[in-house]
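Shown next: model.cif, containing mmCIF, C-alpha atoms.
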```cif
data_start
loop_
_atom_site.label_atom_id
_atom_site.label_comp_id
_atom_site.auth_asym_id
_atom_site.auth_seq_id
_atom_site.Cartn_x
_atom_site.Cartn_y
_atom_site.Cartn_z
CA MET A 1 71.32 96.01 112.13
CA VAL A 2 74.08 95.93 114.72
CA ASN A 3 73.43 95.00 118.34
CA ALA A 4 75.16 97.77 120.28
CA ASN A 5 76.31 95.28 122.92
CA ALA A 6 77.51 92.50 120.61
CA ASN A 7 81.15 91.57 120.06
CA ILE A 8 82.57 94.44 122.10
CA ILE A 9 85.82 93.16 123.60
CA GLY A 10 86.86 96.21 125.59
CA GLU A 11 87.07 99.95 125.97
CA GLN A 12 90.04 102.21 125.56
CA SER A 13 90.32 105.72 126.89
CA ASP A 14 92.34 108.16 124.82
CA GLU A 15 93.42 111.66 125.70
CA LEU A 16 92.93 112.83 122.11
CA GLY A 17 89.34 111.69 121.75
CA PRO A 18 86.32 109.99 123.31
CA THR A 19 86.33 106.53 124.83
CA SER A 20 86.47 104.02 121.97
CA ARG A 21 84.54 100.77 121.74
CA ILE A 22 86.63 97.99 120.23
CA TRP A 23 84.61 95.57 118.12
CA GLN A 24 85.70 92.04 117.16
CA PRO A 25 83.33 90.92 114.40
CA GLU A 26 83.07 87.23 113.53
CA THR A 27 82.77 87.76 109.75
CA ILE A 28 83.75 90.28 107.09
CA GLU A 29 80.09 91.08 106.55
CA GLU A 30 79.58 91.79 110.25
CA ALA A 31 82.61 94.11 110.24
CA TRP A 32 81.10 95.95 107.29
CA ARG A 33 77.70 96.24 109.04
CA ILE A 34 79.32 97.89 112.06
CA LYS A 35 81.10 100.37 109.79
CA LYS A 36 77.85 101.00 107.90
CA THR A 37 76.00 101.63 111.16
CA TYR A 38 78.48 104.09 112.67
CA GLN A 39 79.84 105.59 109.42
CA GLU A 40 82.42 108.32 110.15
CA LYS A 41 82.38 107.39 113.85
CA ALA A 42 83.92 103.97 113.06
CA GLN A 43 87.23 102.79 111.63
CA TYR A 44 88.69 99.44 110.61
CA ILE A 45 91.89 98.55 112.46
CA ALA A 46 94.43 95.74 112.03
CA ALA A 47 98.05 96.52 112.95
CA GLY A 48 97.11 100.04 114.01
CA THR A 49 100.26 101.69 112.66
CA LEU A 50 98.30 104.18 110.55
CA ILE A 51 96.04 105.05 113.46
CA GLN A 52 99.14 105.54 115.61
CA LEU A 53 100.46 108.03 113.05
CA GLN A 54 97.15 109.86 112.94
CA ARG A 55 97.08 110.10 116.73
CA GLU A 56 100.58 111.55 116.74
CA GLN A 57 99.37 114.16 114.27
CA GLY A 58 96.49 115.07 116.59
CA THR A 59 93.64 113.13 114.99
CA PRO A 60 91.29 111.73 117.67
CA LEU A 61 90.47 108.04 117.76
CA LYS A 62 87.13 107.06 116.29
CA SER A 63 84.55 106.09 118.88
CA ASN A 64 84.22 102.62 117.27
CA LEU A 65 87.31 100.60 116.29
CA ILE A 66 86.56 97.47 114.25
CA ARG A 67 89.28 94.83 114.61
CA LEU A 68 90.29 92.83 111.54
CA ASP A 69 93.56 91.28 112.67
CA HIS A 70 91.94 87.96 113.63
CA PHE A 71 90.79 87.23 110.06
CA GLY A 72 93.27 84.60 108.88
CA SER A 73 91.69 84.58 105.40
CA LEU A 74 93.06 88.10 104.84
CA GLN A 75 96.68 87.10 105.52
CA GLY A 76 99.43 85.57 103.39
CA CYS A 77 100.18 85.04 99.69
CA LYS A 78 98.94 82.33 97.31
CA TRP A 79 98.65 81.75 93.57
CA ILE A 80 95.13 81.66 92.16
CA THR A 81 93.54 81.55 88.70
CA GLU A 82 90.71 83.94 87.83
CA ASN A 83 89.25 84.19 84.31
CA ASN A 84 92.16 82.05 83.06
CA ILE A 85 94.68 84.56 84.44
CA VAL A 86 97.23 83.43 87.02
CA LYS A 87 97.56 85.93 89.86
CA LEU A 88 99.32 86.19 93.18
CA GLU A 89 96.70 86.96 95.83
CA ILE A 90 98.12 88.98 98.74
CA GLY A 91 95.80 89.21 101.71
CA ALA A 92 95.20 92.78 102.86
CA LEU A 93 96.49 91.92 106.34
CA THR A 94 99.79 90.54 105.04
CA THR A 95 102.62 92.43 106.70
CA LEU A 96 105.20 94.38 104.73
CA LYS A 97 107.89 92.28 106.38
CA HIS A 98 106.24 89.12 105.05
CA LEU A 99 106.30 90.59 101.53
CA GLN A 100 110.02 91.28 101.92
CA MET A 101 110.68 87.63 102.80
CA ASN A 102 108.11 85.78 100.70
CA LYS A 103 109.64 83.65 97.90
CA ASP A 104 106.95 84.49 95.35
CA THR A 105 107.24 88.24 95.79
CA LEU A 106 111.03 88.02 95.78
CA ASP A 107 111.06 85.90 92.60
CA TYR A 108 108.40 87.72 90.59
CA PHE A 109 107.66 91.11 92.09
CA GLY A 110 110.96 92.58 93.26
CA ILE A 111 109.76 96.15 92.79
CA LEU A 112 107.01 95.52 95.38
CA VAL A 113 109.58 94.11 97.80
CA GLU A 114 111.72 97.21 97.25
CA SER A 115 108.81 99.58 97.86
CA ALA A 116 107.79 97.71 101.04
CA GLY A 117 111.31 98.26 102.34
CA GLU A 118 110.86 102.02 101.97
CA VAL A 119 107.96 102.16 104.44
CA ALA A 120 108.86 103.55 107.87
CA SER A 121 111.20 101.47 110.06
CA PRO A 122 111.90 97.72 110.31
CA ALA A 123 109.95 97.53 113.56
CA LEU A 124 106.86 99.05 111.96
CA ARG A 125 107.18 96.88 108.85
CA ASN A 126 106.87 93.86 111.15
CA ARG A 127 103.32 95.06 111.95
CA ALA A 128 102.21 97.31 109.10
CA THR A 129 100.06 95.66 106.43
CA ILE A 130 99.85 96.04 102.67
CA GLY A 131 96.13 96.79 103.03
CA GLY A 132 96.82 99.61 105.45
CA ASN A 133 99.44 101.08 103.13
CA VAL A 134 97.03 101.04 100.20
CA SER A 135 94.14 102.37 102.28
CA TYR A 136 96.40 105.25 103.32
CA ARG A 137 96.00 106.29 99.64
CA VAL A 138 99.48 107.84 99.52
CA GLY A 139 101.36 104.74 100.68
CA ASP A 140 104.82 104.01 99.32
CA THR A 141 103.81 100.66 97.82
CA ILE A 142 101.09 102.11 95.59
CA PRO A 143 103.29 103.27 92.64
CA ALA A 144 104.93 99.84 92.51
CA LEU A 145 101.55 98.11 92.61
CA LEU A 146 100.23 100.33 89.81
CA VAL A 147 103.05 99.49 87.41
CA LEU A 148 102.58 95.79 88.23
CA GLY A 149 98.98 96.00 87.03
CA ALA A 150 97.52 95.33 90.48
CA GLN A 151 93.86 94.71 91.08
CA VAL A 152 92.13 94.74 94.45
CA ARG A 153 89.30 92.77 95.98
CA TRP A 154 87.02 94.49 98.46
CA PHE A 155 83.70 93.98 100.24
CA ASP A 156 80.96 96.61 100.27
CA ASP A 157 77.18 96.63 100.59
CA GLY A 158 76.92 92.85 100.70
CA GLU A 159 79.01 92.27 97.57
CA VAL A 160 82.62 91.36 96.75
CA TYR A 161 84.15 93.51 94.03
CA VAL A 162 87.34 93.13 91.97
CA ASP A 163 88.76 95.97 89.90
CA ASP A 164 91.99 97.74 89.00
CA LEU A 165 93.78 99.40 91.91
CA ALA A 166 93.49 102.75 90.11
CA VAL A 167 89.69 102.39 90.01
CA TYR A 168 89.56 101.53 93.70
CA LEU A 169 91.72 104.52 94.66
CA ASP A 170 89.63 106.84 92.52
CA SER A 171 86.30 105.66 93.90
CA GLN A 172 86.99 105.16 97.61
CA THR A 173 87.66 107.60 100.42
CA ALA A 174 88.76 107.13 104.00
CA GLN A 175 85.15 107.53 105.14
CA ASP A 176 83.72 104.82 102.86
CA THR A 177 82.50 101.50 104.23
CA ALA A 178 84.51 99.41 101.72
CA LEU A 179 86.67 96.76 103.40
CA LEU A 180 89.83 95.93 101.43
CA MET A 181 90.36 92.16 101.30
CA ALA A 182 93.26 91.43 98.93
CA ILE A 183 95.74 92.71 96.35
CA LEU A 184 95.91 90.69 93.10
CA LEU A 185 99.06 90.74 90.96
CA PRO A 186 99.01 89.14 87.50
CA GLN A 187 101.89 86.88 86.64
CA PRO A 188 104.56 89.09 85.01
CA GLN A 189 104.52 89.50 81.22
CA GLU A 190 107.17 87.68 79.28
CA SER A 191 109.57 89.82 77.28
CA THR A 192 113.13 89.48 75.99
CA HIS A 193 114.41 92.19 78.34
CA THR A 194 112.48 93.42 81.37
CA HIS A 195 113.35 96.19 83.77
CA THR A 196 111.68 97.76 86.79
CA PHE A 197 112.52 100.92 88.67
CA TYR A 198 111.33 102.39 91.96
CA GLN A 199 112.52 105.40 93.89
CA LYS A 200 111.20 107.33 96.85
CA VAL A 201 112.55 110.82 97.40
CA GLY A 202 112.64 112.04 101.00
CA ARG A 203 111.14 111.24 104.38
CA ARG A 204 111.97 107.55 104.56
CA GLU A 205 112.13 107.55 108.33
CA SER A 206 108.39 107.86 108.93
CA PHE A 207 104.93 107.35 107.54
CA ILE A 208 104.93 110.97 106.37
CA PRO A 209 104.26 110.96 102.61
CA SER A 210 107.32 111.14 100.37
CA LEU A 211 108.18 114.24 98.39
CA VAL A 212 108.03 112.21 95.18
CA THR A 213 107.69 108.49 94.52
CA ALA A 214 108.15 107.08 91.01
CA ALA A 215 108.00 103.61 89.51
CA LEU A 216 108.18 102.05 86.06
CA SER A 217 108.08 98.64 84.46
CA VAL A 218 109.24 98.12 80.87
CA GLY A 219 109.65 95.22 78.48
CA LEU A 220 111.91 95.36 75.40
CA ASN A 221 112.33 92.97 72.46
CA LEU A 222 115.63 92.03 70.86
CA GLU A 223 115.59 95.11 68.64
CA GLY A 224 115.08 97.44 71.59
CA ARG A 225 111.44 98.12 70.75
CA VAL A 226 109.27 98.80 73.79
CA GLU A 227 106.65 96.07 74.10
CA TYR A 228 105.10 97.56 77.20
CA LEU A 229 105.77 100.47 79.54
CA TYR A 230 103.97 101.35 82.77
CA ILE A 231 104.79 104.52 84.72
CA ALA A 232 103.34 105.66 88.06
CA VAL A 233 104.13 108.70 90.17
CA GLY A 234 102.96 110.21 93.44
CA GLY A 235 104.14 112.42 96.24
CA GLY A 236 102.97 114.35 99.26
CA ALA A 237 99.23 114.08 99.75
CA THR A 238 98.71 113.18 96.09
CA THR A 239 97.29 109.72 95.46
CA PRO A 240 99.71 108.01 93.03
CA ILE A 241 98.52 107.56 89.44
CA ARG A 242 99.52 105.78 86.26
CA LEU A 243 100.56 107.99 83.33
CA PRO A 244 99.17 106.31 80.17
CA ALA A 245 99.60 109.50 78.10
CA VAL A 246 103.34 109.32 78.82
CA GLU A 247 103.51 105.57 78.24
CA GLU A 248 101.97 105.99 74.76
CA ILE A 249 104.90 108.16 73.63
CA VAL A 250 107.32 105.27 74.07
CA THR A 251 105.29 102.05 73.72
CA LEU A 252 105.88 100.18 70.41
CA ASN A 253 108.74 102.55 69.57
CA THR A 254 112.44 101.89 69.75
CA LEU A 255 113.74 103.40 72.96
CA ALA A 256 115.80 106.40 71.85
CA ILE A 257 117.19 109.69 73.17
CA GLU A 258 114.86 111.78 71.00
CA LEU A 259 111.85 110.44 72.91
CA LEU A 260 113.09 111.64 76.28
CA GLY A 261 112.31 115.33 75.80
CA PRO A 262 108.63 114.69 74.96
CA VAL A 263 108.42 112.24 77.87
CA HIS A 264 109.86 114.80 80.30
CA GLN A 265 107.39 117.47 79.17
CA LYS A 266 104.37 115.18 79.12
CA ILE A 267 105.01 114.04 82.69
CA GLN A 268 104.90 117.66 83.82
CA ASP A 269 101.72 118.21 81.80
CA VAL A 270 99.70 115.27 83.14
CA PHE A 271 101.02 114.84 86.70
CA GLN A 272 99.06 117.23 88.91
CA PRO A 273 100.28 116.88 92.52
CA VAL A 274 98.43 118.73 95.23
CA SER A 275 100.05 121.65 96.96
CA ASP A 276 101.35 121.66 100.52
CA PRO A 277 103.23 124.19 102.69
CA PHE A 278 106.61 122.48 102.18
CA VAL A 279 107.01 121.65 98.47
CA SER A 280 105.46 123.24 95.41
CA PRO A 281 103.61 121.16 92.79
CA GLU A 282 106.07 122.42 90.16
CA TYR A 283 109.00 120.98 92.11
CA ARG A 284 107.31 117.60 92.40
CA LYS A 285 106.55 117.59 88.66
CA ILE A 286 110.16 118.29 87.72
CA VAL A 287 111.56 115.72 90.15
CA ALA A 288 109.15 113.06 88.90
CA ALA A 289 110.03 113.82 85.28
CA ASN A 290 113.75 113.77 86.05
CA LEU A 291 113.52 110.39 87.80
CA ILE A 292 111.67 108.68 84.97
CA VAL A 293 113.70 110.18 82.15
CA SER A 294 116.98 109.44 83.91
CA GLU A 295 116.03 105.78 84.23
CA LEU A 296 114.99 105.53 80.58
CA GLU A 297 118.29 107.14 79.60
CA LYS A 298 120.17 104.49 81.59
CA LEU A 299 118.30 101.81 79.66
CA ILE A 300 119.31 103.41 76.37
CA ASP A 301 122.94 103.45 77.49
CA LEU A 302 122.74 99.78 78.49
CA GLN A 303 121.33 98.93 75.06
CA ARG A 304 124.20 100.70 73.38
CA GLU A 305 126.63 98.68 75.47
CA GLY A 306 124.83 95.49 74.51
CA LYS A 307 123.78 94.66 78.06
#
```
So that I can check it, write out the structure of this file as structure tokens.
Amino acid sequence: MVNANANIIGEQSDELGPTSRIWQPETIEEAWRIKKTYQEKAQYIAAGTLIQLQREQGTPLKSNLIRLDHFGSLQGCKWITENNIVKLEIGALTTLKHLQMNKDTLDYFGILVESAGEVASPALRNRATIGGNVSYRVGDTIPALLVLGAQVRWFDDGEVYVDDLAVYLDSQTAQDTALLMAILLPQPQESTHTHTFYQKVGRRESFIPSLVTAALSVGLNLEGRVEYLYIAVGGGATTPIRLPAVEEIVTLNTLAIELLGPVHQKIQDVFQPVSDPFVSPEYRKIVAANLIVSELEKLIDLQREGK
């Protein structure tokens, strides 16, 4: 039970909504209890860049804002070992700017660094966090994280959970009490030739969702056989997803031109973006398919040239 007078550090009047109480909990569990108590009337807040966007779009502030920015345990990057698997743990409150400058992300997870650089402006990346971008559910970093095999750690109902990012995105909504704690990236797979690709189409200048965002990670052996392939796409208000049905067409096969037609069609079959007033789902499907197939074709050309 939450004491209504505990840990309130101030009040903030807002022309778009009611006066908001700002809570500064001492522990993750206390933050969760406040959210549990006030449900849809409460919201976690760290950098506040997402809330700023929502305000600009006319969404009122919640009447209870639960600060998280003072939790040092949710910041920074470090290598850990879980179940004999080496992972880079990225605290949910780690800024996108930090990811762009961190040696470990630069050395091992360049596609994540690239995607972080596509979020909004440099000034906002100094404040915006990876946790906020993921919690946004259509954030630009999500496709990159999906093809890197990301897991997430979160707290809910007195327990700490760890599962694939895709599971978390599928099971959580903006109104849930779950508090995202960290992103976990497994050490990259070894392969003779590795290649990653990321592209965001449109609307770079703001937090407005992209038209289409696509990412892939592929490993090839000496003979050009695909040892692994991960593809993720998103766009608009569609939460990005992995495309295992597309990956299966190519994985364990030699990368060849004759596979590209089936890949192009399968992407359009399985990617189901939501509609909006500006861009049709069909357009997003075709653009996503074109991006992925074009990149695979470039890889085929590089193989032919012996590069």
Residue contacts of stretch 63-79 of chain A (7 Å, only C-alpha atoms) excluding same-chain residues fewer than 5 positions away, as a tab-separated table (two decimals) with C-alpha atoms, keeping the file's coordinate frame:
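Dumped everything to result_35.tsv:
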```tsv
chain	number	residue	atom	x	y	z
A	18	PRO	CA	86.32	109.99	123.31
A	19	THR	CA	86.33	106.53	124.83
A	20	SER	CA	86.47	104.02	121.97
A	21	ARG	CA	84.54	100.77	121.74
A	22	ILE	CA	86.63	97.99	120.23
A	23	TRP	CA	84.61	95.57	118.12
A	24	GLN	CA	85.70	92.04	117.16
A	31	ALA	CA	82.61	94.11	110.24
A	41	LYS	CA	82.38	107.39	113.85
A	42	ALA	CA	83.92	103.97	113.06
A	43	GLN	CA	87.23	102.79	111.63
A	44	TYR	CA	88.69	99.44	110.61
A	45	ILE	CA	91.89	98.55	112.46
A	46	ALA	CA	94.43	95.74	112.03
A	47	ALA	CA	98.05	96.52	112.95
A	86	VAL	CA	97.23	83.43	87.02
A	87	LYS	CA	97.56	85.93	89.86
A	88	LEU	CA	99.32	86.19	93.18
A	89	GLU	CA	96.70	86.96	95.83
A	90	ILE	CA	98.12	88.98	98.74
A	91	GLY	CA	95.80	89.21	101.71
A	92	ALA	CA	95.20	92.78	102.86
A	93	LEU	CA	96.49	91.92	106.34
A	94	THR	CA	99.79	90.54	105.04
A	181	MET	CA	90.36	92.16	101.30
A	182	ALA	CA	93.26	91.43	98.93
```
From the list A:Ala144, A:Leu252, A:Val201, A:Ile241, which residue is nearest A:Asn290 when using all atoms listed in the file?
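Among the listed residues, A:Val201 lies closest to A:Asn290.
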What separation in Å, quoted to one decimal, exists between atom CA of A:Arg125 and atom CA of A:Tyr230?
26.7 Å
As an NGL selection string, please: the residues near A:Leu211 (cut-off 7 Å, all atoms listed in the file, same-chain neighbours under 3 positions excluded).
:A and (201-202 or 235-236 or 284)
Using the chain letters and residue numbers of this document, give as JSON, numbers by chain the residues selected by the PyMOL selection byres ((chain A and resi 260-271) around 10).
{"A": [231, 232, 233, 234, 238, 240, 241, 242, 243, 244, 245, 246, 247, 248, 249, 250, 255, 256, 257, 258, 259, 272, 273, 274, 281, 282, 283, 284, 285, 286, 287, 288, 289, 290, 291, 292, 293, 294, 296, 297]}
Kindly resolve the PyMOL selection byres ((chain A and resi 117) around 10) on the present coordinates and return the residues as a list in words.
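That selection, the PyMOL selection byres ((chain A and resi 117) around 10), comes back as Leu96, Lys97, Leu99, Gln100, Ile111, Leu112, Val113, Glu114, Ser115, Ala116, Glu118, Val119, Ala120, Ser121, Pro122, Arg125, Asp140, Thr141 and Arg204 of chain A.
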Nearby residues (only C-alpha atoms) at most 12 Å from A:Asp176, same-chain spacing under 2 positions excluded, as a PyMOL selection string:
chain A and resi 32+35-44+135+154-157+168-169+171-174+178-180
If we count only C-alpha atoms and set the cut-off at 10 Å, which residues sit around A:Asp164, ignoring sequence neighbours fewer than 3 positions away in its own chain? Please answer as a ChimeraX atom specification.
/A:146,149-153,167-169,183-184
Let me see the file: selected residues, C-alpha atoms, as a compact mmCIF listing (two decimals), in the coordinates of the input.
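What landed in selection_32.txt:
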```txt
# COMPACT_ATOMS: atom_id res chain seq x y z
CA LEU A 146 100.23 100.33 89.81
CA GLY A 149 98.98 96.00 87.03
CA ALA A 150 97.52 95.33 90.48
CA GLN A 151 93.86 94.71 91.08
CA VAL A 152 92.13 94.74 94.45
CA ARG A 153 89.30 92.77 95.98
CA VAL A 167 89.69 102.39 90.01
CA TYR A 168 89.56 101.53 93.70
CA LEU A 169 91.72 104.52 94.66
CA ILE A 183 95.74 92.71 96.35
CA LEU A 184 95.91 90.69 93.10
```
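Take the PyMOL selection byres ((chain A and resi 51) around 12) and apply it to this file: it picks Gln43, Tyr44, Ile45, Ala46, Ala47, Gly48, Thr49, Leu50, Gln52, Leu53, Gln54, Arg55, Glu56, Gln57, Gly58, Thr59, Pro60, Leu61, Lys62, Leu65, Ala128, Gly132, Asn133, Ser135, Tyr136 and Phe207 of chain A.
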One decimal, in Å: what's the spacing between atom CA of A:Ala123 and atom CA of A:Asn102?
17.5 Å
For A:Val218, the closest of A:His195, A:His98, A:Arg304, A:Lys103 counting all atoms listed in the file is A:His195
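When atom CA of A:Glu159 is paired with atom CA of A:Asn84, their separation reads 22.1 Å.
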May I have the residues within 12 Å of A:Gly306 as a PyMOL selection string, using all atoms listed in the file and disregarding those fewer than 3 positions away in the same chain?
chain A and resi 193+222-224+299-303
Please complete stretch 221-246 of chain A with N, CA and C atoms and give it back as a compact mmCIF listing (two decimals), keeping the file's coordinate frame.
```txt
# COMPACT_ATOMS: atom_id res chain seq x y z
N ASN A 221 111.99 94.13 73.27
CA ASN A 221 112.33 92.97 72.46
C ASN A 221 113.80 93.03 72.06
N LEU A 222 114.23 92.10 71.24
CA LEU A 222 115.63 92.03 70.86
C LEU A 222 116.12 93.27 70.13
N GLU A 223 115.22 93.92 69.40
CA GLU A 223 115.59 95.11 68.64
C GLU A 223 115.52 96.38 69.47
N GLY A 224 115.18 96.27 70.73
CA GLY A 224 115.08 97.44 71.59
C GLY A 224 113.75 98.15 71.49
N ARG A 225 112.77 97.52 70.83
CA ARG A 225 111.44 98.12 70.75
C ARG A 225 110.69 97.87 72.06
N VAL A 226 109.99 98.89 72.53
CA VAL A 226 109.27 98.80 73.79
C VAL A 226 107.97 98.04 73.60
N GLU A 227 107.86 96.88 74.19
CA GLU A 227 106.65 96.07 74.10
C GLU A 227 105.58 96.54 75.09
N TYR A 228 106.02 96.97 76.24
CA TYR A 228 105.10 97.56 77.20
C TYR A 228 105.87 98.51 78.10
N LEU A 229 105.19 99.52 78.60
CA LEU A 229 105.77 100.47 79.54
C LEU A 229 104.68 100.97 80.47
N TYR A 230 104.91 100.85 81.77
CA TYR A 230 103.97 101.35 82.77
C TYR A 230 104.73 102.31 83.68
N ILE A 231 104.17 103.49 83.89
CA ILE A 231 104.79 104.52 84.72
C ILE A 231 103.76 104.98 85.76
N ALA A 232 104.21 105.13 87.00
CA ALA A 232 103.34 105.66 88.06
C ALA A 232 104.14 106.63 88.92
N VAL A 233 103.49 107.71 89.32
CA VAL A 233 104.13 108.70 90.17
C VAL A 233 103.17 109.17 91.25
N GLY A 234 103.74 109.64 92.34
CA GLY A 234 102.96 110.21 93.44
C GLY A 234 103.87 111.09 94.25
N GLY A 235 103.34 111.58 95.37
CA GLY A 235 104.14 112.42 96.24
C GLY A 235 103.29 113.31 97.10
N GLY A 236 103.74 113.52 98.34
CA GLY A 236 102.97 114.35 99.26
C GLY A 236 101.62 113.73 99.54
N ALA A 237 100.59 114.56 99.51
CA ALA A 237 99.23 114.08 99.75
C ALA A 237 98.53 113.68 98.47
N THR A 238 99.28 113.56 97.38
CA THR A 238 98.71 113.18 96.09
C THR A 238 98.62 111.66 95.98
N THR A 239 97.43 111.15 95.69
CA THR A 239 97.29 109.72 95.46
C THR A 239 98.03 109.34 94.19
N PRO A 240 98.94 108.37 94.22
CA PRO A 240 99.71 108.01 93.03
C PRO A 240 98.81 107.59 91.87
N ILE A 241 99.28 107.88 90.64
CA ILE A 241 98.52 107.56 89.44
C ILE A 241 99.43 106.97 88.37
N ARG A 242 98.84 106.19 87.47
CA ARG A 242 99.52 105.78 86.26
C ARG A 242 99.49 106.94 85.26
N LEU A 243 100.46 106.93 84.33
CA LEU A 243 100.56 107.99 83.33
C LEU A 243 100.47 107.40 81.92
N PRO A 244 99.29 106.94 81.49
CA PRO A 244 99.17 106.31 80.17
C PRO A 244 99.52 107.25 79.01
N ALA A 245 99.26 108.56 79.17
CA ALA A 245 99.60 109.50 78.10
C ALA A 245 101.11 109.57 77.89
N VAL A 246 101.87 109.35 78.93
CA VAL A 246 103.34 109.32 78.82
C VAL A 246 103.77 107.97 78.24
```
